[in-house]
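Trainee: Structure below; questions to follow.
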Amino acid sequence: MERRNNAREDFNEDVKNAVEVMSHGGIILYPTDTIWGIGCDATNEEAVQKIFDIKHRPENKTMLALLDAPGKLQGYVDVPEMAWDFMEFATRPTTIIYPNARNLAPSLIAEDGTVGIRVTSDPFCIRLCQALHRPIVSTSANISGQPSAAFFNEISQEIIDNVDYVVKYRQKDKTKSAPSVIIKLTMKNEIQIIRK
């Protein structure tokens with residue numbers, strides 16, 4: 001019982017600290033519903049640019065954002081009818097690339113005006129989004145071109161040293177997970193599978 005209470009306290013403390021950092025333009029290292037990620041306020045262009053720098057990521061390679069509820073999507077993108085079915089029936093984390101992105105950091109939006117957003121089912125990520133009241137960037141915790149870190153102990157020291165807050169929650173978790181499915185939808189309900 002005591003261990004469970006400690007885990008809950010760690011969870012709440014991490015949410016509070018991470019949101020405080022992000023609300024001031026900082027960068028966090030955190031567990032997601034897929035793998036460990038680097039995150040920030042997805043509406044803050046300066047913070048998003050910091051993540052590009054940390055990862056040495058080319059700026060033409062956009063990053064995705066997490067939201068905590070489907071009902072919030074329409075504040076940031078146009079939602080094709082088909083997207084609601086994909087979200088309802090998905091058995092794996094699914095990132096959807098939506099058209100007509102808005103109200104997000106410009107460097108998250110691709111040249112064609114699209115952006116990738118995943119409505120997360122992970123309790124920790126949900127709380128982060130709810131407490132920040134904004135979407136959160138989610139990109140793998142690795143230097144661009146290097147393997148993604150499935151577990152905390154696989155994250156390079158360079159990444160750890162360059163973020164503003166490292167979440168403690170789930171650092172010892174060894175549950176296997178995979179990157180999300182990625183699909184692109186148009187308003188005409190045309191679908192393109194980017195990653196299965």
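Naming works like this for the structure tokens: A, B, ... for the chains as they're shown, residue 1 at the start of each chain, ligands 1 onward in shown order.
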Region 140-154 of chain A: which residues within 6 Å, counting only C-alpha atoms, same-chain residues fewer than 5 positions away excluded, as a ChimeraX atom specification?
Mentor: /A:35-38,55-57,171
Trainee: Keeping only N, CA and C atoms, take the residues you just selected and write them out as a short mmCIF file (atom, residue, chain, number, x, y, z; two decimals), in the first residue's frame.
Mentor:
```
data_model
loop_
_atom_site.label_atom_id
_atom_site.label_comp_id
_atom_site.auth_asym_id
_atom_site.auth_seq_id
_atom_site.Cartn_x
_atom_site.Cartn_y
_atom_site.Cartn_z
N ILE A 35 6.92 5.35 -26.46
CA ILE A 35 8.29 5.26 -25.95
C ILE A 35 8.60 6.54 -25.18
N TRP A 36 9.83 6.65 -24.64
CA TRP A 36 10.21 7.88 -23.95
C TRP A 36 10.31 9.01 -24.96
N GLY A 37 9.85 10.20 -24.54
CA GLY A 37 9.81 11.32 -25.46
C GLY A 37 10.37 12.60 -24.87
N ILE A 38 10.63 13.55 -25.76
CA ILE A 38 11.00 14.90 -25.38
C ILE A 38 9.78 15.76 -25.67
N LYS A 55 17.81 17.62 -30.43
CA LYS A 55 17.84 16.39 -31.23
C LYS A 55 18.73 16.48 -32.47
N HIS A 56 19.23 17.69 -32.76
CA HIS A 56 19.95 17.94 -34.03
C HIS A 56 19.07 17.50 -35.19
N ARG A 57 17.81 17.85 -35.11
CA ARG A 57 16.81 17.39 -36.08
C ARG A 57 16.63 18.42 -37.20
N GLN A 171 10.58 5.45 -14.73
CA GLN A 171 11.97 5.30 -15.18
C GLN A 171 12.44 3.85 -15.14
#
```
Trainee: Neighbours of Gln74 (chain A) within 10 Å (only C-alpha atoms; same-chain residues fewer than 4 positions away dropped), as a PDB file with C-alpha atoms, in the first residue's frame?
Mentor:
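Below is the file part-v7.pdb, written as the result:
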```pdb
ATOM      1  CA  PRO A  70     -10.764  14.055 -29.156  1.00  0.00           C
ATOM      2  CA  ASP A  78      -9.834  20.250 -39.382  1.00  0.00           C
ATOM      3  CA  VAL A  79     -11.026  16.748 -38.502  1.00  0.00           C
ATOM      4  CA  ALA A 101      -3.290  23.007 -38.696  1.00  0.00           C
ATOM      5  CA  ARG A 102      -3.632  26.167 -36.592  1.00  0.00           C
TER       6      ARG A 102
END
```
Trainee: What separation in Å, quoted to one decimal, exists between CA of Pro99 (chain A) and CA of Thr139 (chain A)?
Mentor: 19.8 Å
Trainee: Please return, as a ChimeraX atom specification, all residues of region 8-42 of chain A that DSSP assigns to alpha helix (DSSP H) on the basis of the backbone.
Mentor: /A:8-23
Trainee: Write out as a ChimeraX atom specification the residues lying within 7 Å of Asp68 (chain A), counting only C-alpha atoms and excluding same-chain residues fewer than 5 positions away.
Mentor: /A:119-120,126,129-130
Trainee: Would you output that residue set with all heavy atoms, as a PDB file, in the first residue's frame?
Mentor:
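File produced: result_36.pdb:
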```pdb
ATOM      1  N   VAL A 119      -4.235  11.492 -29.935  1.00  0.00           N
ATOM      2  CA  VAL A 119      -5.017  11.601 -28.706  1.00  0.00           C
ATOM      3  C   VAL A 119      -4.549  10.456 -27.811  1.00  0.00           C
ATOM      4  O   VAL A 119      -4.762   9.291 -28.123  1.00  0.00           O
ATOM      5  CB  VAL A 119      -6.534  11.531 -28.988  1.00  0.00           C
ATOM      6  CG1 VAL A 119      -7.310  11.561 -27.674  1.00  0.00           C
ATOM      7  CG2 VAL A 119      -6.963  12.696 -29.880  1.00  0.00           C
ATOM      8  N   THR A 120      -3.881  10.803 -26.744  1.00  0.00           N
ATOM      9  CA  THR A 120      -3.226   9.800 -25.904  1.00  0.00           C
ATOM     10  C   THR A 120      -4.206   9.124 -24.950  1.00  0.00           C
ATOM     11  O   THR A 120      -5.174   9.737 -24.503  1.00  0.00           O
ATOM     12  CB  THR A 120      -2.064  10.435 -25.117  1.00  0.00           C
ATOM     13  OG1 THR A 120      -1.423   9.424 -24.326  1.00  0.00           O
ATOM     14  CG2 THR A 120      -2.538  11.555 -24.210  1.00  0.00           C
ATOM     15  N   ILE A 126      -2.131  12.233 -20.337  1.00  0.00           N
ATOM     16  CA  ILE A 126      -3.444  12.897 -20.231  1.00  0.00           C
ATOM     17  C   ILE A 126      -3.384  13.993 -19.173  1.00  0.00           C
ATOM     18  O   ILE A 126      -3.814  15.127 -19.402  1.00  0.00           O
ATOM     19  CB  ILE A 126      -4.557  11.873 -19.903  1.00  0.00           C
ATOM     20  CG1 ILE A 126      -4.854  11.013 -21.141  1.00  0.00           C
ATOM     21  CG2 ILE A 126      -5.830  12.580 -19.424  1.00  0.00           C
ATOM     22  CD1 ILE A 126      -5.774   9.830 -20.872  1.00  0.00           C
ATOM     23  N   CYS A 129      -1.379  17.095 -20.343  1.00  0.00           N
ATOM     24  CA  CYS A 129      -2.147  17.941 -21.271  1.00  0.00           C
ATOM     25  C   CYS A 129      -3.248  18.710 -20.539  1.00  0.00           C
ATOM     26  O   CYS A 129      -3.462  19.896 -20.793  1.00  0.00           O
ATOM     27  CB  CYS A 129      -2.765  17.098 -22.382  1.00  0.00           C
ATOM     28  SG  CYS A 129      -1.576  16.389 -23.532  1.00  0.00           S
ATOM     29  N   GLN A 130      -3.925  18.015 -19.640  1.00  0.00           N
ATOM     30  CA  GLN A 130      -5.009  18.670 -18.897  1.00  0.00           C
ATOM     31  C   GLN A 130      -4.476  19.810 -18.036  1.00  0.00           C
ATOM     32  O   GLN A 130      -5.064  20.889 -17.987  1.00  0.00           O
ATOM     33  CB  GLN A 130      -5.721  17.648 -18.000  1.00  0.00           C
ATOM     34  CG  GLN A 130      -6.600  16.674 -18.757  1.00  0.00           C
ATOM     35  CD  GLN A 130      -7.145  15.574 -17.854  1.00  0.00           C
ATOM     36  OE1 GLN A 130      -6.601  15.288 -16.784  1.00  0.00           O
ATOM     37  NE2 GLN A 130      -8.223  14.928 -18.295  1.00  0.00           N
TER      38      GLN A 130
END
```
Trainee: May I have the residues within 9 Å of Gly39 (chain A) as a list of chain:residue names, using only C-alpha atoms and disregarding those fewer than 2 positions away in the same chain?
Mentor: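 Close residues of Gly39 (chain A): A:Met22, A:Gly26, A:Ile27, A:Ile28, A:Leu29, A:Tyr30, A:Gly37, A:Asp41, A:Ala42, A:Ala47, A:Val48, A:Ile51, A:Ala65, A:Ile136, A:Val137, A:Ser138, A:Thr139.
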Trainee: Let me see the file: selected residues, C-alpha atoms, as a CSV table (one decimal), in the first residue's frame.
Mentor:
```csv
chain,number,residue,atom,x,y,z
A,22,MET,CA,6.6,23.7,-19.9
A,26,GLY,CA,11.1,24.6,-20.8
A,27,ILE,CA,11.7,21.1,-22.2
A,28,ILE,CA,10.8,17.8,-20.4
A,29,LEU,CA,11.9,14.2,-20.8
A,30,TYR,CA,8.9,12.0,-20.2
A,37,GLY,CA,9.8,11.3,-25.5
A,41,ASP,CA,4.2,23.3,-25.0
A,42,ALA,CA,3.2,22.7,-28.6
A,47,ALA,CA,10.4,25.8,-27.0
A,48,VAL,CA,9.8,23.8,-30.1
A,51,ILE,CA,13.8,20.5,-29.2
A,65,ALA,CA,1.7,16.7,-30.6
A,136,ILE,CA,2.3,18.8,-25.8
A,137,VAL,CA,5.1,18.0,-28.3
A,138,SER,CA,6.0,14.3,-28.4
A,139,THR,CA,9.2,13.3,-30.2
```
Trainee: Could you tell me how far CA of Ala69 (chain A) sits from CA of Glu45 (chain A), in Å to one decimal place?
Mentor: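 A separation of 22.6 Å between them.
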Trainee: Counting only C-alpha atoms, which of A:Pro123, A:Met187, A:Lys50, A:Asp33 gets nearest to Val77 (chain A)?
Mentor: A:Met187
Trainee: Quick one: distance from CA of Gly113 (chain A) to CA of Tyr98 (chain A) in Å, one decimal?
Mentor: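 Value for the CA of Gly113 (chain A)-CA of Tyr98 (chain A) distance: 8.6 Å.
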